[in-house]
Amino acid sequence: MTSSMASMASALSRRQVLRGLAAWPLLPLATATAAASAAPSAQALLAASDALRNPDAPFGLTNTLTEYRNGQQTDSLTLAILAKADPDRGPFRSLVRFVAPARDAGKLMLYAGRDLWFYDPASKASIRLSPQQRLLGQASNGDVVTVNLSREHHAEWVTEEEITDGERRPRRCHRLRLQATVAEASYPLIELWVDAATSQPLKARYLAASGQLLKTAYFRRWQRQLGQERPTETVIIDGLDPGWVTVMRYSDWAPREVPDAWLQREYLPQFKP
Amino acid sequence: MCALLLLAGAGLAAAAQPDDLDALQLADRTPAPTAAPSRDWQGHIEAAAGQARRADWMGGGTVGSQRLSLALQLDTALAPGWRVVAANRLDLDWPAQRGHDRHTLHTLQEAYASWQPDAAQTHDLGRVRAVYGVATGYNPTDVFRAGSLRSQVSADPASLKHNRQGAVMLRSRHLSEAGALTGVLAPRLSADPQPSDAAFALDTGASNARHRALLAWSPNRGGAWSERFSAQALLLAQEGQGPQAGLNLSALLGDATTAFAEWTGGRSRSQLAQALGATEPPQGHPRFNQRLSTGLTWTAPSKLSLTLEIAQNSAAPDTAAWQALQQGDPATYAAYRRWTANAQELTTRRLWAVYARWPDALAPHLDLNAMLRFNPDDDSRLGWIELRQRGDRVDLALQWQHASGGPRSDFGAAAQTVVWQLSLRRWL
């Protein structure tokens with residue numbers, strides 16, 4: 001049996017989230033006040049970094065997930081993803097189609113906020129999933145589909161510092177601390193490093209409300225896609241077992257027409273890419 | 001306190017940890033994704049061998065079995081807006097599957113043409129596997145389940161859904177911002193509506209045994225409320241029975257728990273009357289009957305999903321009637337059991353079940369699936385466990401099934417009390 005701290009994050013109850021939030025006032029007030037007065041708008045930085053990760057027009061891409069345990073590849077999964085911003089239900093609705101392996105090809109997942117449905121063309125059945133039911137390794141459903149962190153979190157500027165990015169280069173960054181503002185947020189606490197010059201998100205540490213590290217993610221292989229420099233790879237490292245690594249690589253970016261009708265459960269049996 | 005710990009840890013976080021550098025080097029070596037394969041067809045071939053202990057009433061002893069199966073599915077676009085969907089299955093069984101005399105059994109699961117004039121409208125004509133319901137094992141709203149089981153190679157409810165045959169129908173679906181409206185017309189296609197034993201029969205006598213019409217409405221409401229709750233209403237009219245209403249409800253109760261309920265209700269004769277063809281009062285007198293299947297699915301951080309399902313059916317015999325049937329004429333008892341098996345209905349009024357799905361349970365790629373069904377009306381049980389090792393293109397599965405209870409109880413009447421099966425599946 002594997003132990004995934006990532007899934008533990010999504011299992012956190014509303015009470016745990018609130019308990020975690022209640023701990024933040026313990027921060028030294030003087031430090032926080034001084035930082036806030038000198039800091040750029042943390043929420044604006046977060047929104048800018050979201051915009052770089054997420055195209056604002058409907059789009060499609062291929063996400064290839066590769067899982068490693070202690071240096072050995074243990075699993076892989078290829079997903080074709082369509083995403084579209086949805087002002088009513090949340091920032092994005094996503095339609096995820098399994099491309100590989102062969103046993104899973106053609107299966108679909110519809111992600112509309114917390115409304116998560118799985119459709120298997122072999123059984124013709126649509127099943128409601130909970131956020132805990134994840135796809136592969138440490139990659140939670142929220143990692144695979146498009147999520148706007150600024151919509152679910154309050155950002156606080158912490159400091160400016162130099163970090164080593166995913167390409168092992170030194171980068172000057174704003175460090176932001178993100179607190180979940182809604183119980184439905186995938187993670188209660190996130191530390192996010194955003195490039196000081198470009199607002200590119202470079203690294204994130206996802207934490208439980210207790211402060212325990214769940215996983216670390218590096219956003220890297222920045223390339224120009226759909227009119228912007230965007231990360232085309234996320235490397236996820238488990239917080240407890242650093243030998244458990246999941247690499248998500250994004251390819252085949254393309255603007256796509258995604259009719260609203262596609263993004264409801266009843267359309268899943270009709271979907272034909 | 002935790003905030004202070006976070007601050008203390010932040011300095012460490014800024015610099016890449018040695019473990020992070022190792023992980024990044026590993027990611028560097030990940031090969032670039034190849035072009036995603038695009039294929040209109042899928043399939044698998046499966047070889048299985050097993051052994052079963054026969055029930056005492058079958059003479060006892062053990063019996064071996066072998067099976068070779070080929071399953072193929074096709075979903076291809078013919079022209080813009082037009083597609084053809086087909087699925088079939090060929091089983092070679094030694095001995096023949098229960099209820100069949102022949103070793104060869106072909107099932108045309110579906111074959112239909114689909115016309116989609118725009119994103120909001122779809123019209124399907126042909127044999128369609130139309131599946132309804134949100135429960136795992138017993139689905140009262142799955143109105144086309146009757147006569148759909150032609151080949152049964154496992155007791156697993158997922159296997160039964162995968163292998164079922166559809167009904168011949170015209171299905172139209174209209175999607176809008178408000179929701180989805182589906183209409184189905186499925187005619188009776190045989191003067192003798194009985195399942196066929198012929199190896200390559202279309203078996204429309206089983207799948208289209210009566211005229212049926214269905215309307216289904218799934219509202220698509222916006223807002224956070226709809227993210228946690230979904231509903232579907234159904235109205236079924238079918239030959240020889242009053243209209244039946246149905247409801248499918250599902251809800252998200254938290255990060256790890258979903259709830260479901262499906263219900264049907266309407267005037268109908270009792271199941272016993274339908275099985276025996278009784279039309280005279282009191283047995284043949286229609287009354288309002290309800291069917292319900294409800295429960296919860298909870299998923300642990302380890303990926304183990306447990307589903308508890310409770311089912312009720314007021315059209316089935318109550319405990320006293322069931323005991324009378326068990327102790328009565330064997331032919332009457334056998335006719336009723338054949339009817340419930342074909343209709344996929346509860347044998348008695350109540351059924352409790354637990355289903356477990358545990359991917360990567362004991363080791364990576366080694367899945368554990370299990371089921372326990374308990375009939376509280378006669379204390380009989382059916383247990384099923386599967387260990388499945390998933391390879392790149394090959395699955396190896398070991399299944400064990402055990403039925404217990406009185407000789408004519410719901411599960412104790414099984415012809416085989418213990419069944420082992422080892423199967424090897426190659427994905428094509």
# chains A, B, ... in the order shown; residues from 1 in each chain; ligands from 1

call {"tool": "residues_around", "arguments": {"residues": "B:Asn139", "least_positions_apart": "3", "cutoff": "12 Å", "atoms": "only C-alpha atoms", "output": "ChimeraX atom specification"}}
result
/A:125 /B:131-136,142-146,157,161,246-248,260-264,291-295,309-313,343-346

call {"tool": "closest_residue", "arguments": {"among": "A:Leu226, A:Ala102, A:Val158, A:Leu108", "to": "chain B", "atoms": "only C-alpha atoms"}}
result
A:Ala102

call {"tool": "atom_distance", "arguments": {"atom1": "atom CA of A:Phe271", "atom2": "atom CA of B:Val168"}}
result
20.9 Å

call {"tool": "residues_around", "arguments": {"residues": "B:Asp28", "least_positions_apart": "6", "cutoff": "10 Å", "atoms": "only C-alpha atoms", "output": "ChimeraX atom specification"}}
result
/A:166-167,221,235,247 /B:22

call {"tool": "atom_distance", "arguments": {"atom1": "atom CA of A:Val194", "atom2": "atom CA of A:Trp222"}}
result
13.6 Å

call {"tool": "closest_residue", "arguments": {"among": "B:Asp377, B:Asp101, B:Glu110, B:Asp124", "to": "B:Asn88", "atoms": "only C-alpha atoms"}}
result
B:Glu110

call {"tool": "closest_atom_pairs", "arguments": {"of": "stretch 269-342 of chain B", "to": "stretch 355-360 of chain B", "cutoff": "7 Å", "atoms": "only C-alpha atoms", "output": "tab-separated table"}}
result
residue	atom	partner	partner_atom	distance
B:Lys303	CA	B:Trp358	CA	6.0
B:Leu304	CA	B:Trp358	CA	4.2
B:Ser305	CA	B:Arg357	CA	5.1
B:Leu306	CA	B:Ala356	CA	4.6
B:Thr307	CA	B:Tyr355	CA	5.0
B:Leu308	CA	B:Tyr355	CA	6.6

call {"tool": "write_last_selection", "arguments": {"atoms": "N, CA, C and O atoms", "output": "mmCIF file, in the first residue's frame"}}
result
data_model
loop_
_atom_site.group_PDB
_atom_site.id
_atom_site.type_symbol
_atom_site.label_atom_id
_atom_site.label_comp_id
_atom_site.auth_asym_id
_atom_site.auth_seq_id
_atom_site.Cartn_x
_atom_site.Cartn_y
_atom_site.Cartn_z
ATOM 1 N N LYS B 303 -6.242 5.074 -1.423
ATOM 2 C CA LYS B 303 -6.975 4.810 -2.664
ATOM 3 C C LYS B 303 -8.019 3.700 -2.523
ATOM 4 O O LYS B 303 -8.694 3.365 -3.485
ATOM 5 N N LEU B 304 -8.123 3.086 -1.351
ATOM 6 C CA LEU B 304 -9.179 2.092 -1.131
ATOM 7 C C LEU B 304 -10.538 2.790 -1.149
ATOM 8 O O LEU B 304 -10.769 3.741 -0.408
ATOM 9 N N SER B 305 -11.434 2.308 -2.020
ATOM 10 C CA SER B 305 -12.805 2.830 -2.056
ATOM 11 C C SER B 305 -13.763 1.751 -1.577
ATOM 12 O O SER B 305 -13.751 0.622 -2.080
ATOM 13 N N LEU B 306 -14.579 2.100 -0.598
ATOM 14 C CA LEU B 306 -15.571 1.181 -0.064
ATOM 15 C C LEU B 306 -16.958 1.727 -0.361
ATOM 16 O O LEU B 306 -17.240 2.896 -0.087
ATOM 17 N N THR B 307 -17.820 0.881 -0.906
ATOM 18 C CA THR B 307 -19.197 1.273 -1.189
ATOM 19 C C THR B 307 -20.140 0.403 -0.375
ATOM 20 O O THR B 307 -20.057 -0.826 -0.435
ATOM 21 N N LEU B 308 -20.991 1.051 0.388
ATOM 22 C CA LEU B 308 -22.044 0.351 1.119
ATOM 23 C C LEU B 308 -23.350 0.623 0.391
ATOM 24 O O LEU B 308 -23.689 1.786 0.132
#

call {"tool": "closest_residue", "arguments": {"among": "B:Leu175, B:Leu325, B:Ala231, B:Ala186", "to": "chain A", "atoms": "only C-alpha atoms"}}
result
B:Leu175

call {"tool": "residues_around", "arguments": {"residues": "B:Asp93", "least_positions_apart": "4", "cutoff": "9 Å", "atoms": "only C-alpha atoms", "output": "NGL selection string"}}
result
:B and (65-69 or 97 or 102-105)

call {"tool": "select_by_dssp", "arguments": {"residues": "stretch 75-230 of chain B", "states": "helix (DSSP H, G or I)", "output": "ChimeraX atom specification"}}
result
/B:157-163,204-207,224-228

call {"tool": "select_by_dssp", "arguments": {"residues": "stretch 107-297 of chain B", "states": "strand (DSSP E or B)", "output": "MDAnalysis selection string"}}
result
chainID B and resid 107:118 121:128 167:176 179:186 212:219 229:238 241:252 257:268 287:297

call {"tool": "closest_residue", "arguments": {"among": "B:Ala96, B:Ala199, B:Leu26, B:Leu272", "to": "chain A", "atoms": "only C-alpha atoms"}}
result
B:Leu26

call {"tool": "atom_distance", "arguments": {"atom1": "atom CA of B:Gln121", "atom2": "atom CA of B:Arg173"}}
result
5.7 Å

call {"tool": "closest_residue", "arguments": {"among": "B:Thr297, B:Leu396, B:His211, B:Ser114", "to": "B:Pro80", "atoms": "only C-alpha atoms"}}
result
B:Ser114

call {"tool": "closest_atom_pairs", "arguments": {"of": "stretch 214-270 of chain A", "to": "stretch 38-59 of chain A", "cutoff": "7 Å", "atoms": "only C-alpha atoms", "output": "tab-separated table"}}
result
residue	atom	partner	partner_atom	distance
A:Gln228	CA	A:Leu52	CA	6.8
A:Glu229	CA	A:Leu52	CA	6.9
A:Arg230	CA	A:Leu52	CA	5.7
A:Pro231	CA	A:Arg53	CA	6.6
A:Ala254	CA	A:Phe59	CA	5.6
A:Pro255	CA	A:Phe59	CA	4.2
A:Arg256	CA	A:Phe59	CA	4.6
A:Glu257	CA	A:Pro58	CA	6.4
A:Val258	CA	A:Pro58	CA	6.3

call {"tool": "write_last_selection", "arguments": {"atoms": "N, CA and C atoms", "output": "PDB file, in the first residue's frame"}}
result
ATOM      1  N   GLN A 228       2.076  32.949 -24.900  1.00  0.00           N
ATOM      2  CA  GLN A 228       2.750  33.304 -23.646  1.00  0.00           C
ATOM      3  C   GLN A 228       3.862  32.298 -23.373  1.00  0.00           C
ATOM      4  N   GLU A 229       4.847  32.723 -22.594  1.00  0.00           N
ATOM      5  CA  GLU A 229       5.790  31.761 -22.029  1.00  0.00           C
ATOM      6  C   GLU A 229       5.055  30.984 -20.943  1.00  0.00           C
ATOM      7  N   ARG A 230       5.018  29.670 -21.093  1.00  0.00           N
ATOM      8  CA  ARG A 230       4.272  28.860 -20.124  1.00  0.00           C
ATOM      9  C   ARG A 230       5.125  27.651 -19.714  1.00  0.00           C
ATOM     10  N   PRO A 231       4.914  27.152 -18.475  1.00  0.00           N
ATOM     11  CA  PRO A 231       5.652  25.940 -18.084  1.00  0.00           C
ATOM     12  C   PRO A 231       5.080  24.736 -18.831  1.00  0.00           C
ATOM     13  N   ALA A 254      -3.105  23.730 -28.012  1.00  0.00           N
ATOM     14  CA  ALA A 254      -3.845  24.266 -29.163  1.00  0.00           C
ATOM     15  C   ALA A 254      -5.110  24.955 -28.668  1.00  0.00           C
ATOM     16  N   PRO A 255      -5.469  26.074 -29.294  1.00  0.00           N
ATOM     17  CA  PRO A 255      -6.785  26.644 -28.975  1.00  0.00           C
ATOM     18  C   PRO A 255      -7.872  25.702 -29.474  1.00  0.00           C
ATOM     19  N   ARG A 256      -8.898  25.512 -28.699  1.00  0.00           N
ATOM     20  CA  ARG A 256      -9.966  24.579 -29.086  1.00  0.00           C
ATOM     21  C   ARG A 256     -11.327  25.208 -28.850  1.00  0.00           C
ATOM     22  N   GLU A 257     -12.222  24.915 -29.740  1.00  0.00           N
ATOM     23  CA  GLU A 257     -13.604  25.276 -29.499  1.00  0.00           C
ATOM     24  C   GLU A 257     -14.178  24.243 -28.531  1.00  0.00           C
ATOM     25  N   VAL A 258     -14.665  24.675 -27.403  1.00  0.00           N
ATOM     26  CA  VAL A 258     -15.239  23.751 -26.414  1.00  0.00           C
ATOM     27  C   VAL A 258     -16.660  24.215 -26.117  1.00  0.00           C
TER      28      VAL A 258
END

call {"tool": "residues_around", "arguments": {"residues": "B:Gln274", "least_positions_apart": "2", "cutoff": "10 Å", "atoms": "only C-alpha atoms", "output": "mmCIF file with all heavy atoms, in the first residue's frame"}}
result
data_model
loop_
_atom_site.group_PDB
_atom_site.id
_atom_site.type_symbol
_atom_site.label_atom_id
_atom_site.label_comp_id
_atom_site.auth_asym_id
_atom_site.auth_seq_id
_atom_site.Cartn_x
_atom_site.Cartn_y
_atom_site.Cartn_z
ATOM 1 N N GLY B 240 -47.520 -3.820 -20.982
ATOM 2 C CA GLY B 240 -47.919 -4.743 -19.931
ATOM 3 C C GLY B 240 -47.732 -4.214 -18.527
ATOM 4 O O GLY B 240 -47.830 -4.973 -17.560
ATOM 5 N N GLN B 241 -47.424 -2.926 -18.376
ATOM 6 C CA GLN B 241 -47.196 -2.372 -17.038
ATOM 7 C C GLN B 241 -47.564 -0.893 -17.036
ATOM 8 O O GLN B 241 -47.456 -0.222 -18.072
ATOM 9 C CB GLN B 241 -45.719 -2.536 -16.672
ATOM 10 C CG GLN B 241 -45.433 -2.355 -15.197
ATOM 11 C CD GLN B 241 -43.978 -2.678 -14.872
ATOM 12 O OE1 GLN B 241 -43.075 -2.032 -15.360
ATOM 13 N NE2 GLN B 241 -43.776 -3.683 -14.039
ATOM 14 N N SER B 268 -47.565 -1.886 -10.623
ATOM 15 C CA SER B 268 -47.121 -3.081 -11.352
ATOM 16 C C SER B 268 -47.593 -4.313 -10.602
ATOM 17 O O SER B 268 -47.921 -4.251 -9.414
ATOM 18 C CB SER B 268 -45.595 -3.096 -11.475
ATOM 19 O OG SER B 268 -45.004 -3.260 -10.203
ATOM 20 N N ARG B 269 -47.596 -5.415 -11.320
ATOM 21 C CA ARG B 269 -47.872 -6.687 -10.658
ATOM 22 C C ARG B 269 -46.641 -7.080 -9.846
ATOM 23 O O ARG B 269 -45.544 -6.573 -10.082
ATOM 24 C CB ARG B 269 -48.175 -7.768 -11.691
ATOM 25 C CG ARG B 269 -49.515 -7.581 -12.409
ATOM 26 C CD ARG B 269 -49.743 -8.698 -13.413
ATOM 27 N NE ARG B 269 -48.783 -8.646 -14.505
ATOM 28 C CZ ARG B 269 -48.443 -9.690 -15.254
ATOM 29 N NH1 ARG B 269 -48.977 -10.867 -15.018
ATOM 30 N NH2 ARG B 269 -47.572 -9.568 -16.231
ATOM 31 N N SER B 270 -46.822 -8.009 -8.923
ATOM 32 C CA SER B 270 -45.674 -8.486 -8.149
ATOM 33 C C SER B 270 -44.713 -9.218 -9.090
ATOM 34 O O SER B 270 -45.097 -9.656 -10.185
ATOM 35 C CB SER B 270 -46.131 -9.438 -7.045
ATOM 36 O OG SER B 270 -46.561 -10.664 -7.614
ATOM 37 N N GLN B 271 -43.466 -9.325 -8.658
ATOM 38 C CA GLN B 271 -42.491 -10.045 -9.488
ATOM 39 C C GLN B 271 -42.906 -11.495 -9.693
ATOM 40 O O GLN B 271 -42.719 -12.054 -10.776
ATOM 41 C CB GLN B 271 -41.114 -9.984 -8.831
ATOM 42 C CG GLN B 271 -40.517 -8.591 -8.867
ATOM 43 C CD GLN B 271 -39.078 -8.542 -8.396
ATOM 44 O OE1 GLN B 271 -38.449 -7.514 -8.530
ATOM 45 N NE2 GLN B 271 -38.560 -9.631 -7.853
ATOM 46 N N LEU B 272 -43.481 -12.086 -8.637
ATOM 47 C CA LEU B 272 -43.900 -13.483 -8.741
ATOM 48 C C LEU B 272 -44.991 -13.634 -9.803
ATOM 49 O O LEU B 272 -44.963 -14.562 -10.622
ATOM 50 C CB LEU B 272 -44.404 -13.952 -7.376
ATOM 51 C CG LEU B 272 -44.509 -15.459 -7.152
ATOM 52 C CD1 LEU B 272 -43.206 -16.155 -7.484
ATOM 53 C CD2 LEU B 272 -44.911 -15.758 -5.713
ATOM 54 N N LEU B 276 -44.634 -15.806 -13.244
ATOM 55 C CA LEU B 276 -45.501 -16.961 -13.496
ATOM 56 C C LEU B 276 -46.597 -16.640 -14.496
ATOM 57 O O LEU B 276 -47.435 -17.498 -14.811
ATOM 58 C CB LEU B 276 -46.115 -17.444 -12.176
ATOM 59 C CG LEU B 276 -45.089 -17.786 -11.077
ATOM 60 C CD1 LEU B 276 -45.795 -18.237 -9.810
ATOM 61 C CD2 LEU B 276 -44.123 -18.862 -11.566
ATOM 62 N N GLY B 277 -46.635 -15.399 -14.951
ATOM 63 C CA GLY B 277 -47.660 -15.016 -15.925
ATOM 64 C C GLY B 277 -49.036 -14.900 -15.325
ATOM 65 O O GLY B 277 -50.051 -14.998 -16.032
ATOM 66 N N ALA B 278 -49.104 -14.683 -14.022
ATOM 67 C CA ALA B 278 -50.398 -14.585 -13.353
ATOM 68 C C ALA B 278 -51.027 -13.218 -13.610
ATOM 69 O O ALA B 278 -50.380 -12.196 -13.426
ATOM 70 C CB ALA B 278 -50.215 -14.796 -11.847
ATOM 71 N N THR B 279 -52.253 -13.227 -14.047
ATOM 72 C CA THR B 279 -52.950 -11.957 -14.300
ATOM 73 C C THR B 279 -54.208 -11.807 -13.447
ATOM 74 O O THR B 279 -54.827 -10.745 -13.428
ATOM 75 C CB THR B 279 -53.349 -11.858 -15.783
ATOM 76 O OG1 THR B 279 -54.123 -13.018 -16.117
ATOM 77 C CG2 THR B 279 -52.120 -11.792 -16.679
ATOM 78 N N GLN B 283 -52.797 -12.339 -6.933
ATOM 79 C CA GLN B 283 -51.392 -12.202 -7.340
ATOM 80 C C GLN B 283 -51.229 -11.242 -8.506
ATOM 81 O O GLN B 283 -50.296 -10.459 -8.562
ATOM 82 C CB GLN B 283 -50.847 -13.574 -7.744
ATOM 83 C CG GLN B 283 -50.269 -14.363 -6.602
ATOM 84 C CD GLN B 283 -49.382 -15.483 -7.102
ATOM 85 O OE1 GLN B 283 -49.524 -15.933 -8.232
ATOM 86 N NE2 GLN B 283 -48.487 -15.945 -6.256
ATOM 87 N N GLY B 284 -52.148 -11.332 -9.461
ATOM 88 C CA GLY B 284 -51.984 -10.550 -10.674
ATOM 89 C C GLY B 284 -52.518 -9.134 -10.569
ATOM 90 O O GLY B 284 -52.526 -8.412 -11.569
ATOM 91 N N ALA B 315 -41.856 -5.070 -4.816
ATOM 92 C CA ALA B 315 -42.517 -6.001 -5.741
ATOM 93 C C ALA B 315 -42.026 -7.436 -5.559
ATOM 94 O O ALA B 315 -42.614 -8.375 -6.095
ATOM 95 C CB ALA B 315 -42.280 -5.561 -7.185
ATOM 96 N N TYR B 336 -39.366 -18.627 -11.143
ATOM 97 C CA TYR B 336 -39.166 -17.312 -10.520
ATOM 98 C C TYR B 336 -37.693 -16.916 -10.533
ATOM 99 O O TYR B 336 -37.340 -15.775 -10.848
ATOM 100 C CB TYR B 336 -39.705 -17.328 -9.083
ATOM 101 C CG TYR B 336 -39.462 -16.017 -8.371
ATOM 102 C CD1 TYR B 336 -40.146 -14.866 -8.744
ATOM 103 C CD2 TYR B 336 -38.511 -15.921 -7.353
ATOM 104 C CE1 TYR B 336 -39.905 -13.652 -8.113
ATOM 105 C CE2 TYR B 336 -38.264 -14.715 -6.719
ATOM 106 C CZ TYR B 336 -38.964 -13.589 -7.103
ATOM 107 O OH TYR B 336 -38.713 -12.386 -6.490
ATOM 108 N N TRP B 339 -36.653 -15.780 -13.896
ATOM 109 C CA TRP B 339 -37.194 -14.457 -14.213
ATOM 110 C C TRP B 339 -36.358 -13.367 -13.540
ATOM 111 O O TRP B 339 -35.989 -12.375 -14.168
ATOM 112 C CB TRP B 339 -38.651 -14.373 -13.753
ATOM 113 C CG TRP B 339 -39.314 -13.089 -14.164
ATOM 114 C CD1 TRP B 339 -40.028 -12.869 -15.302
ATOM 115 C CD2 TRP B 339 -39.291 -11.843 -13.446
ATOM 116 N NE1 TRP B 339 -40.453 -11.570 -15.350
ATOM 117 C CE2 TRP B 339 -40.011 -10.908 -14.222
ATOM 118 C CE3 TRP B 339 -38.744 -11.425 -12.246
ATOM 119 C CZ2 TRP B 339 -40.197 -9.583 -13.825
ATOM 120 C CZ3 TRP B 339 -38.911 -10.096 -11.857
ATOM 121 C CH2 TRP B 339 -39.639 -9.200 -12.642
ATOM 122 N N THR B 340 -36.044 -13.528 -12.271
ATOM 123 C CA THR B 340 -35.267 -12.490 -11.568
ATOM 124 C C THR B 340 -33.854 -12.378 -12.138
ATOM 125 O O THR B 340 -33.305 -11.282 -12.234
ATOM 126 C CB THR B 340 -35.183 -12.767 -10.052
ATOM 127 O OG1 THR B 340 -34.651 -14.073 -9.842
ATOM 128 C CG2 THR B 340 -36.526 -12.643 -9.384
#

call {"tool": "residues_around", "arguments": {"residues": "B:Ala178", "least_positions_apart": "2", "cutoff": "6 Å", "atoms": "only C-alpha atoms", "output": "number ranges by chain"}}
result
B: 176, 219-220

call {"tool": "closest_residue", "arguments": {"among": "A:Asp75, A:Asp115, A:Asp104, A:Glu161", "to": "chain B", "atoms": "only C-alpha atoms"}}
result
A:Asp115

call {"tool": "residues_around", "arguments": {"residues": "B:Pro330", "least_positions_apart": "6", "cutoff": "12 Å", "atoms": "only C-alpha atoms", "output": "VMD selection string"}}
result
chain B and resid 324 336 to 337 407 to 408 413
